[in-house]
>>> print(open('input09.csv').read())   # CSV, C-alpha atoms and all ligand atoms
chain,number,residue,atom,x,y,z
Y,1,MET,CA,-52.1,93.0,-25.1
Y,2,THR,CA,-54.5,91.3,-27.6
Y,3,SER,CA,-53.9,93.9,-30.3
Y,4,TRP,CA,-50.1,93.5,-29.9
Y,5,LEU,CA,-50.4,89.8,-30.1
Y,6,LYS,CA,-52.6,90.1,-33.3
Y,7,ALA,CA,-50.2,92.6,-34.8
Y,8,ILE,CA,-47.2,90.2,-34.2
Y,9,HIS,CA,-49.4,87.3,-35.6
Y,10,ILE,CA,-50.2,89.3,-38.8
Y,11,ILE,CA,-46.6,90.6,-39.4
Y,12,SER,CA,-45.1,87.1,-38.9
Y,13,LEU,CA,-47.7,85.3,-41.1
Y,14,VAL,CA,-47.2,87.9,-43.9
Y,15,ILE,CA,-43.5,87.2,-43.9
Y,16,TRP,CA,-44.1,83.4,-43.7
Y,17,CYS,CA,-46.7,83.4,-46.6
Y,18,ALA,CA,-44.6,85.8,-48.7
Y,19,GLY,CA,-41.6,83.6,-48.2
Y,20,LEU,CA,-43.4,80.4,-49.2
Y,21,LEU,CA,-44.7,82.1,-52.4
Y,22,VAL,CA,-41.2,83.4,-53.3
Y,23,LEU,CA,-39.3,80.1,-52.7
Y,24,PRO,CA,-40.5,78.2,-55.9
Y,25,GLY,CA,-39.2,81.2,-58.0
Y,26,LEU,CA,-35.8,80.8,-56.3
Y,27,TYR,CA,-35.5,77.1,-57.0
Y,28,ALA,CA,-36.5,77.7,-60.6
Y,29,GLN,CA,-33.7,80.2,-60.9
Y,30,LYS,CA,-31.2,77.3,-60.6
Y,31,ALA,CA,-31.8,76.3,-64.3
Y,32,ARG,CA,-31.1,79.9,-65.4
Y,33,VAL,CA,-27.9,80.4,-63.4
Y,34,LYS,CA,-24.8,79.0,-65.1
Y,35,GLU,CA,-21.8,80.4,-63.2
Y,36,LYS,CA,-20.6,78.4,-60.2
Y,37,GLU,CA,-20.2,81.5,-57.9
Y,38,ALA,CA,-23.7,82.8,-58.8
Y,39,LEU,CA,-25.1,79.4,-58.1
Y,40,TYR,CA,-23.4,79.2,-54.7
Y,41,HIS,CA,-24.9,82.7,-53.8
Y,42,LEU,CA,-28.4,81.5,-55.0
Y,43,GLN,CA,-28.1,78.4,-52.9
Y,44,SER,CA,-26.9,80.2,-49.7
Y,45,PHE,CA,-29.5,82.9,-50.1
Y,46,THR,CA,-32.3,80.3,-50.5
Y,47,ARG,CA,-31.2,78.4,-47.5
Y,48,PHE,CA,-30.7,81.6,-45.4
Y,49,ALA,CA,-34.2,82.7,-46.4
Y,50,TYR,CA,-35.8,79.3,-45.4
Y,51,THR,CA,-33.9,78.7,-42.2
Y,52,SER,CA,-33.4,82.3,-40.8
Y,53,ILE,CA,-36.5,84.2,-42.0
Y,54,ILE,CA,-39.3,82.0,-43.2
Y,55,SER,CA,-39.2,79.2,-40.6
Y,56,PRO,CA,-38.8,81.5,-37.6
Y,57,SER,CA,-41.7,83.6,-38.9
Y,58,ALA,CA,-43.8,80.4,-39.2
Y,59,PHE,CA,-43.0,79.5,-35.6
Y,60,ILE,CA,-44.0,83.0,-34.4
Y,61,ALA,CA,-47.2,83.0,-36.5
Y,62,VAL,CA,-48.2,79.6,-35.1
Y,63,GLY,CA,-47.2,80.5,-31.5
Y,64,THR,CA,-49.1,83.8,-31.5
Y,65,GLY,CA,-52.1,82.2,-33.2
Y,66,MET,CA,-52.3,79.5,-30.6
Y,67,THR,CA,-52.1,82.1,-27.8
Y,68,LEU,CA,-54.8,84.2,-29.5
Y,69,ILE,CA,-57.1,81.1,-29.5
Y,70,PHE,CA,-57.1,81.1,-25.7
Y,71,VAL,CA,-56.9,84.9,-25.1
Y,72,ARG,CA,-59.9,85.5,-27.5
Y,73,GLU,CA,-61.6,82.2,-26.7
Y,74,VAL,CA,-62.1,81.4,-30.4
Y,75,PHE,CA,-63.4,77.8,-30.0
Y,76,THR,CA,-65.4,77.7,-33.2
Y,77,VAL,CA,-65.9,75.4,-36.2
Y,78,TRP,CA,-64.3,78.0,-38.6
Y,79,MET,CA,-61.2,78.1,-36.4
Y,80,ALA,CA,-61.0,74.2,-36.5
Y,81,MET,CA,-61.2,74.4,-40.3
Y,82,LYS,CA,-58.6,77.2,-40.3
Y,83,LEU,CA,-56.3,75.0,-38.2
Y,84,ALA,CA,-56.7,72.2,-40.8
Y,85,ALA,CA,-55.8,74.6,-43.6
Y,86,VAL,CA,-52.8,75.8,-41.6
Y,87,GLY,CA,-51.8,72.2,-41.3
Y,88,ALA,CA,-51.8,72.0,-45.1
Y,89,LEU,CA,-49.6,75.2,-45.2
Y,90,VAL,CA,-47.2,73.6,-42.7
Y,91,LEU,CA,-46.9,70.5,-45.0
Y,92,LEU,CA,-46.1,72.8,-47.9
Y,93,HIS,CA,-43.5,74.5,-45.7
Y,94,VAL,CA,-41.9,71.1,-44.8
Y,95,HIS,CA,-42.0,70.0,-48.5
Y,96,ALA,CA,-40.2,73.3,-49.4
Y,97,GLY,CA,-37.4,72.3,-47.1
Y,98,HIS,CA,-37.0,69.0,-48.9
Y,99,VAL,CA,-37.1,70.6,-52.3
Y,100,ILE,CA,-34.3,73.0,-51.3
Y,101,VAL,CA,-32.0,70.1,-50.3
Y,102,ARG,CA,-32.8,68.2,-53.5
Y,103,VAL,CA,-32.8,71.0,-56.1
Y,104,PHE,CA,-29.3,72.3,-55.3
Y,105,ARG,CA,-27.7,68.9,-55.8
Y,106,PRO,CA,-25.6,68.8,-59.0
Y,107,GLU,CA,-28.3,66.8,-60.8
Y,108,GLY,CA,-31.2,68.7,-59.2
Y,109,ARG,CA,-33.8,70.5,-61.3
Y,110,PHE,CA,-37.1,72.3,-60.7
Y,111,SER,CA,-39.2,72.6,-63.8
Y,112,THR,CA,-41.5,75.6,-64.6
Y,113,TRP,CA,-44.7,73.6,-64.2
Y,114,ARG,CA,-43.6,72.5,-60.7
Y,115,GLU,CA,-42.8,76.2,-59.9
Y,116,HIS,CA,-46.3,77.2,-61.0
Y,117,ALA,CA,-47.9,74.2,-59.2
Y,118,ALA,CA,-46.1,74.9,-55.9
Y,119,ALA,CA,-47.0,78.6,-56.1
Y,120,PHE,CA,-50.6,77.8,-56.9
Y,121,ALA,CA,-51.0,75.3,-54.1
Y,122,THR,CA,-49.5,77.7,-51.6
Y,123,LEU,CA,-51.7,80.6,-52.8
Y,124,ALA,CA,-54.9,78.5,-52.7
Y,125,THR,CA,-54.1,77.4,-49.1
Y,126,ILE,CA,-53.4,80.9,-48.0
Y,127,SER,CA,-56.6,82.2,-49.7
Y,128,ALA,CA,-58.6,79.5,-47.9
Y,129,ILE,CA,-57.1,80.4,-44.5
Y,130,LEU,CA,-57.7,84.1,-45.1
Y,131,TRP,CA,-61.3,83.5,-46.2
Y,132,LEU,CA,-62.0,81.4,-43.1
Y,133,VAL,CA,-60.5,84.0,-40.7
Y,134,LEU,CA,-61.9,87.1,-42.3
Y,135,ALA,CA,-65.4,85.8,-43.2
Y,136,LYS,CA,-65.7,83.8,-40.0
Y,137,PRO,CA,-68.5,81.6,-41.6
Y,138,LEU,CA,-71.1,80.4,-39.2
Y,139,LEU,CA,-70.6,76.7,-39.7
Y,140,ASP,CA,-72.7,74.1,-37.8
Y,141,VAL,CA,-70.7,71.7,-35.7
Y,142,THR,CA,-72.7,68.8,-37.2
Y,143,ILE,CA,-70.7,69.2,-40.4
Y,144,LEU,CA,-67.9,67.4,-38.5
Y,145,PRO,CA,-68.0,63.6,-38.3
Y,146,GLU,CA,-69.6,62.3,-35.1
Y,147,TRP,CA,-66.3,61.0,-33.6
Y,148,MET,CA,-64.8,64.5,-33.8
Y,149,ARG,CA,-67.6,65.9,-31.6
Y,150,ARG,CA,-67.4,63.4,-28.8
Y,151,PRO,CA,-64.7,63.3,-26.0
Y,152,GLY,CA,-62.6,60.2,-26.5
Y,153,GLY,CA,-63.9,60.0,-30.1
Y,154,LEU,CA,-60.4,59.8,-31.6
Y,155,GLN,CA,-59.6,56.7,-29.6
Y,156,SER,CA,-62.7,54.8,-30.7
Y,157,PHE,CA,-62.2,56.0,-34.3
Y,158,SER,CA,-58.6,54.7,-34.4
Y,159,GLU,CA,-59.7,51.4,-32.8
Y,160,SER,CA,-62.4,51.0,-35.5
Y,161,MET,CA,-59.6,51.5,-38.1
Y,162,ARG,CA,-57.4,48.8,-36.6
Y,163,PRO,CA,-57.2,45.6,-38.8
Y,164,ILE,CA,-59.0,42.6,-37.1
Y,201,LIG,C1,-51.5,77.5,-36.2
Y,201,LIG,C2,-51.6,78.7,-36.8
Y,201,LIG,C3,-52.6,79.8,-36.5
Y,201,LIG,C4,-53.4,79.9,-35.5
Y,201,LIG,C5,-53.6,79.0,-34.2
Y,201,LIG,C6,-54.2,81.2,-35.7
Y,201,LIG,C7,-55.1,81.7,-34.8
Y,201,LIG,C8,-55.7,82.9,-34.9
Y,201,LIG,C9,-56.6,83.6,-33.9
Y,201,LIG,C10,-57.1,82.9,-32.7
Y,201,LIG,C11,-56.9,84.8,-34.4
Y,201,LIG,C12,-57.8,85.8,-33.7
Y,201,LIG,C13,-59.2,85.6,-34.3
Y,201,LIG,C14,-60.2,86.6,-33.8
Y,201,LIG,O1,-59.9,87.4,-32.9
Y,201,LIG,O2,-61.3,86.7,-34.2
Y,201,LIG,C15,-56.2,85.0,-35.6
Y,201,LIG,C16,-56.3,86.1,-36.4
Y,201,LIG,C17,-55.9,86.2,-37.7
Y,201,LIG,N1,-55.2,85.2,-38.4
Y,201,LIG,FE1,-54.5,83.5,-37.6
Y,201,LIG,N2,-53.8,81.7,-36.8
Y,201,LIG,C18,-52.9,80.9,-37.4
Y,201,LIG,C19,-52.2,81.1,-38.6
Y,201,LIG,C20,-52.7,82.0,-39.6
Y,201,LIG,C21,-52.3,82.0,-41.0
Y,201,LIG,C22,-51.3,81.0,-41.6
Y,201,LIG,C23,-52.9,83.1,-41.5
Y,201,LIG,C24,-52.9,83.5,-43.0
Y,201,LIG,C25,-52.5,82.9,-44.0
Y,201,LIG,C26,-53.7,83.7,-40.5
Y,201,LIG,C27,-54.4,84.9,-40.7
Y,201,LIG,C28,-55.0,85.6,-39.7
Y,201,LIG,C29,-55.6,86.9,-39.9
Y,201,LIG,C30,-55.7,87.7,-41.1
Y,201,LIG,C31,-56.1,87.3,-38.6
Y,201,LIG,C32,-56.9,88.6,-38.2
Y,201,LIG,C33,-58.4,88.3,-38.3
Y,201,LIG,C34,-59.2,89.4,-37.8
Y,201,LIG,O3,-58.7,90.3,-37.0
Y,201,LIG,O4,-60.4,89.4,-38.1
Y,201,LIG,N3,-53.5,83.0,-39.3
Y,201,LIG,N4,-55.5,83.8,-35.9
>>> encode(input="input09.csv", output="structure tokens", more="lines below")
Ligand code: HEM
Amino acid sequence: MTSWLKAIHIISLVIWCAGLLVLPGLYAQKARVKEKEALYHLQSFTRFAYTSIISPSAFIAVGTGMTLIFVREVFTVWMAMKLAAVGALVLLHVHAGHVIVRVFRPEGRFSTWREHAAAFATLATISAILWLVLAKPLLDVTILPEWMRRPGGLQSFSESMRPI
């Protein structure tokens, strides 16, 4: 059961990550495509990839990952840090959705430097996640702030942030 779950986790995250890395190249194609019909195909392919392949894979990767935490009882500091890095990947995923909407408007553009920056940020986040999960570094829980280690800590932290 665990090996099946892990296999599904890995297959889905490979599709998710590969998709996020390919997307910036697809938006950047918009500047190179001149014909109306080709532009329409590029737009529908990009939207199809995002909504029907990449996003469902992300849901499956996160769902199987969450299940694995409880099945394998991985309640460790490196897993908490991996989840923070996955949070960053989810933000990049949501940002990609916004870019798809904006870039295919008539005035929409996606410059080469943005293509490289988006691909680099995605690659750096994926590398950090892979390092954490494969190296499983033995991190001491004391590296986390005190409020994160105490039950009810989030509430007292948010109260201390409230303006007087
Ligand atoms: C919310 C999202 C995620 C959760 C909750 C999650 C959780 C987990 C858990 C609990 C394991 C099993 C660890 C073990 O048995 O030692 C695992 C394995 C793994 N995860 Fe994730 N994961 C998530 C997303 C990702 C992402 C985005 C990547 C890659 C970019 C990734 C890469 C891996 C790899 C490579 C393994 C296999 C590690 C091994 O067998 O040593 N995970 N994940």
>>> atom_distance(input="input09.csv", atom1="CA of Val99 in chain Y", atom2="CA of Arg47 in chain Y")
10.9 Å
>>> residues_around(input="input09.csv", residues="range 107-113 of chain Y", least_positions_apart="6", cutoff="9 Å", atoms="only C-alpha atoms", output="NGL selection string")
:Y and (24-25 or 27-31 or 99)
>>> closest_atom_pairs(input="input09.csv", of="chain Y", to="ligand LIG 201 (chain Y)", cutoff="10 Å", atoms="only C-alpha atoms and all ligand atoms", output="CSV")
residue,atom,partner,partner_atom,distance
Y:Thr2,CA,Y:LIG201,O1,8.5
Y:Ser3,CA,Y:LIG201,O3,9.0
Y:Leu5,CA,Y:LIG201,C12,9.1
Y:Lys6,CA,Y:LIG201,C16,6.3
Y:Ala7,CA,Y:LIG201,C32,8.5
Y:His9,CA,Y:LIG201,FE1,6.7
Y:Ile10,CA,Y:LIG201,C29,6.0
Y:Ile11,CA,Y:LIG201,C30,9.7
Y:Ser12,CA,Y:LIG201,C21,9.1
Y:Leu13,CA,Y:LIG201,C22,5.6
Y:Val14,CA,Y:LIG201,C24,7.3
Y:Ile15,CA,Y:LIG201,C25,10.0
Y:Trp16,CA,Y:LIG201,C22,7.9
Y:Cys17,CA,Y:LIG201,C25,6.4
Y:Ala18,CA,Y:LIG201,C25,9.6
Y:Ala58,CA,Y:LIG201,C22,7.9
Y:Phe59,CA,Y:LIG201,C2,8.7
Y:Ile60,CA,Y:LIG201,C2,9.1
Y:Ala61,CA,Y:LIG201,C19,5.7
Y:Val62,CA,Y:LIG201,C2,3.9
Y:Gly63,CA,Y:LIG201,C1,7.0
Y:Thr64,CA,Y:LIG201,C4,7.0
Y:Gly65,CA,Y:LIG201,C6,3.4
Y:Met66,CA,Y:LIG201,C5,3.9
Y:Thr67,CA,Y:LIG201,C10,7.0
Y:Leu68,CA,Y:LIG201,C10,4.1
Y:Ile69,CA,Y:LIG201,C10,3.7
Y:Phe70,CA,Y:LIG201,C10,7.2
Y:Val71,CA,Y:LIG201,C10,7.9
Y:Arg72,CA,Y:LIG201,O1,5.7
Y:Glu73,CA,Y:LIG201,C10,7.5
Y:Val74,CA,Y:LIG201,C10,5.7
Y:Phe75,CA,Y:LIG201,C10,8.5
Y:Thr76,CA,Y:LIG201,C10,9.8
Y:Met79,CA,Y:LIG201,C7,7.3
Y:Ala80,CA,Y:LIG201,C5,9.1
Y:Lys82,CA,Y:LIG201,C18,7.4
Y:Leu83,CA,Y:LIG201,C1,5.8
Y:Ala84,CA,Y:LIG201,C1,8.7
Y:Ala85,CA,Y:LIG201,C22,8.1
Y:Val86,CA,Y:LIG201,C22,5.4
Y:Gly87,CA,Y:LIG201,C1,7.4
Y:Ala88,CA,Y:LIG201,C22,9.7
Y:Leu89,CA,Y:LIG201,C22,7.0
Y:Val90,CA,Y:LIG201,C22,8.5
Y:Thr122,CA,Y:LIG201,C25,9.7
Y:Leu123,CA,Y:LIG201,C25,9.1
Y:Thr125,CA,Y:LIG201,C25,7.7
Y:Ile126,CA,Y:LIG201,C25,4.6
Y:Ser127,CA,Y:LIG201,C25,7.1
Y:Ala128,CA,Y:LIG201,C25,8.0
Y:Ile129,CA,Y:LIG201,C25,5.3
Y:Leu130,CA,Y:LIG201,C24,5.3
Y:Trp131,CA,Y:LIG201,C30,8.7
Y:Leu132,CA,Y:LIG201,C27,8.7
Y:Val133,CA,Y:LIG201,C33,5.4
Y:Leu134,CA,Y:LIG201,O4,5.0
Y:Ala135,CA,Y:LIG201,O4,8.0
Y:Lys136,CA,Y:LIG201,O2,7.8
>>> residues_around(input="input09.csv", residues="Pro106 in chain Y", least_positions_apart="3", cutoff="12 Å", atoms="all atoms listed in the file", output="list in words")
Lys30, Ala31, Lys34, Lys36, Leu39, Tyr40, Gln43, Val101, Arg102, Val103 and Arg109 of chain Y
>>> write_last_selection(input="input09.csv", atoms="C-alpha atoms", output="PDB file, keeping the file's coordinate frame")
ATOM      1  CA  LYS Y  30     -31.200  77.300 -60.600  1.00  0.00           C
ATOM      2  CA  ALA Y  31     -31.800  76.300 -64.300  1.00  0.00           C
ATOM      3  CA  LYS Y  34     -24.800  79.000 -65.100  1.00  0.00           C
ATOM      4  CA  LYS Y  36     -20.600  78.400 -60.200  1.00  0.00           C
ATOM      5  CA  LEU Y  39     -25.100  79.400 -58.100  1.00  0.00           C
ATOM      6  CA  TYR Y  40     -23.400  79.200 -54.700  1.00  0.00           C
ATOM      7  CA  GLN Y  43     -28.100  78.400 -52.900  1.00  0.00           C
ATOM      8  CA  VAL Y 101     -32.000  70.100 -50.300  1.00  0.00           C
ATOM      9  CA  ARG Y 102     -32.800  68.200 -53.500  1.00  0.00           C
ATOM     10  CA  VAL Y 103     -32.800  71.000 -56.100  1.00  0.00           C
ATOM     11  CA  ARG Y 109     -33.800  70.500 -61.300  1.00  0.00           C
TER      12      ARG Y 109
END
>>> closest_residue(input="input09.csv", among="Y:Phe104, Y:Arg114, Y:Ser57, Y:Glu159", to="His41 in chain Y", atoms="all atoms listed in the file")
Y:Phe104
>>> atom_distance(input="input09.csv", atom1="CA of Gly19 in chain Y", atom2="CA of Ser55 in chain Y")
9.1 Å
>>> closest_residue(input="input09.csv", among="Y:Arg105, Y:Ala121, Y:Glu115, Y:Gly153", to="Leu92 in chain Y", atoms="all atoms listed in the file")
Y:Ala121
>>> closest_residue(input="input09.csv", among="Y:Ala38, Y:Val77, Y:Ala96, Y:Leu23", to="Met148 in chain Y", atoms="all atoms listed in the file")
Y:Val77
>>> closest_residue(input="input09.csv", among="Y:Pro137, Y:Ala117, Y:Thr142, Y:Ala49", to="Leu26 in chain Y", atoms="only C-alpha atoms")
Y:Ala49
>>> closest_residue(input="input09.csv", among="Y:Ile54, Y:Ile100, Y:Ile143, Y:Met81", to="Leu21 in chain Y", atoms="only C-alpha atoms")
Y:Ile54
>>> atom_distance(input="input09.csv", atom1="CA of Val141 in chain Y", atom2="CA of Ser156 in chain Y")
19.4 Å
>>> build_atoms(input="input09.csv", residues="range 50-72 of chain Y", atoms="N, CA and C atoms", output="JSON list (two decimals), in the frame of the given file")
[["chain", "number", "residue", "atom", "x", "y", "z"],
["Y", 50, "TYR", "N", -34.90, 80.39, -45.99],
["Y", 50, "TYR", "CA", -35.80, 79.30, -45.40],
["Y", 50, "TYR", "C", -35.49, 79.16, -43.92],
["Y", 51, "THR", "N", -34.21, 79.06, -43.56],
["Y", 51, "THR", "CA", -33.90, 78.70, -42.20],
["Y", 51, "THR", "C", -33.93, 79.93, -41.22],
["Y", 52, "SER", "N", -33.56, 81.12, -41.72],
["Y", 52, "SER", "CA", -33.40, 82.30, -40.80],
["Y", 52, "SER", "C", -34.56, 83.26, -40.87],
["Y", 53, "ILE", "N", -35.37, 83.21, -41.94],
["Y", 53, "ILE", "CA", -36.50, 84.20, -42.00],
["Y", 53, "ILE", "C", -37.82, 83.49, -42.05],
["Y", 54, "ILE", "N", -38.00, 82.56, -43.03],
["Y", 54, "ILE", "CA", -39.30, 82.00, -43.20],
["Y", 54, "ILE", "C", -39.74, 81.05, -42.08],
["Y", 55, "SER", "N", -38.82, 80.13, -41.70],
["Y", 55, "SER", "CA", -39.20, 79.20, -40.60],
["Y", 55, "SER", "C", -39.40, 79.87, -39.28],
["Y", 56, "PRO", "N", -38.50, 80.79, -38.85],
["Y", 56, "PRO", "CA", -38.80, 81.50, -37.60],
["Y", 56, "PRO", "C", -40.12, 82.24, -37.62],
["Y", 57, "SER", "N", -40.44, 82.86, -38.78],
["Y", 57, "SER", "CA", -41.70, 83.60, -38.90],
["Y", 57, "SER", "C", -42.89, 82.60, -38.74],
["Y", 58, "ALA", "N", -42.73, 81.39, -39.31],
["Y", 58, "ALA", "CA", -43.80, 80.40, -39.20],
["Y", 58, "ALA", "C", -44.01, 80.02, -37.72],
["Y", 59, "PHE", "N", -42.90, 79.83, -36.98],
["Y", 59, "PHE", "CA", -43.00, 79.50, -35.60],
["Y", 59, "PHE", "C", -43.74, 80.61, -34.80],
["Y", 60, "ILE", "N", -43.37, 81.87, -35.10],
["Y", 60, "ILE", "CA", -44.00, 83.00, -34.40],
["Y", 60, "ILE", "C", -45.49, 83.08, -34.76],
["Y", 61, "ALA", "N", -45.81, 82.89, -36.06],
["Y", 61, "ALA", "CA", -47.20, 83.00, -36.50],
["Y", 61, "ALA", "C", -48.04, 81.89, -35.78],
["Y", 62, "VAL", "N", -47.51, 80.66, -35.72],
["Y", 62, "VAL", "CA", -48.20, 79.60, -35.10],
["Y", 62, "VAL", "C", -48.35, 79.80, -33.57],
["Y", 63, "GLY", "N", -47.23, 80.23, -32.96],
["Y", 63, "GLY", "CA", -47.20, 80.50, -31.50],
["Y", 63, "GLY", "C", -48.20, 81.57, -31.10],
["Y", 64, "THR", "N", -48.16, 82.71, -31.81],
["Y", 64, "THR", "CA", -49.10, 83.80, -31.50],
["Y", 64, "THR", "C", -50.51, 83.41, -31.79],
["Y", 65, "GLY", "N", -50.71, 82.65, -32.88],
["Y", 65, "GLY", "CA", -52.10, 82.20, -33.20],
["Y", 65, "GLY", "C", -52.63, 81.30, -32.14],
["Y", 66, "MET", "N", -51.81, 80.35, -31.64],
["Y", 66, "MET", "CA", -52.30, 79.50, -30.60],
["Y", 66, "MET", "C", -52.63, 80.25, -29.32],
["Y", 67, "THR", "N", -51.79, 81.25, -29.00],
["Y", 67, "THR", "CA", -52.10, 82.10, -27.80],
["Y", 67, "THR", "C", -53.37, 82.85, -28.01],
["Y", 68, "LEU", "N", -53.56, 83.39, -29.24],
["Y", 68, "LEU", "CA", -54.80, 84.20, -29.50],
["Y", 68, "LEU", "C", -56.04, 83.31, -29.33],
["Y", 69, "ILE", "N", -55.95, 82.01, -29.67],
["Y", 69, "ILE", "CA", -57.10, 81.10, -29.50],
["Y", 69, "ILE", "C", -57.63, 81.20, -28.07],
["Y", 70, "PHE", "N", -56.65, 81.11, -27.12],
["Y", 70, "PHE", "CA", -57.10, 81.10, -25.70],
["Y", 70, "PHE", "C", -57.40, 82.47, -25.17],
["Y", 71, "VAL", "N", -56.64, 83.49, -25.63],
["Y", 71, "VAL", "CA", -56.90, 84.90, -25.10],
["Y", 71, "VAL", "C", -58.28, 85.33, -25.63],
["Y", 72, "ARG", "N", -58.59, 85.05, -26.92],
["Y", 72, "ARG", "CA", -59.90, 85.50, -27.50],
["Y", 72, "ARG", "C", -60.98, 84.49, -27.41]]
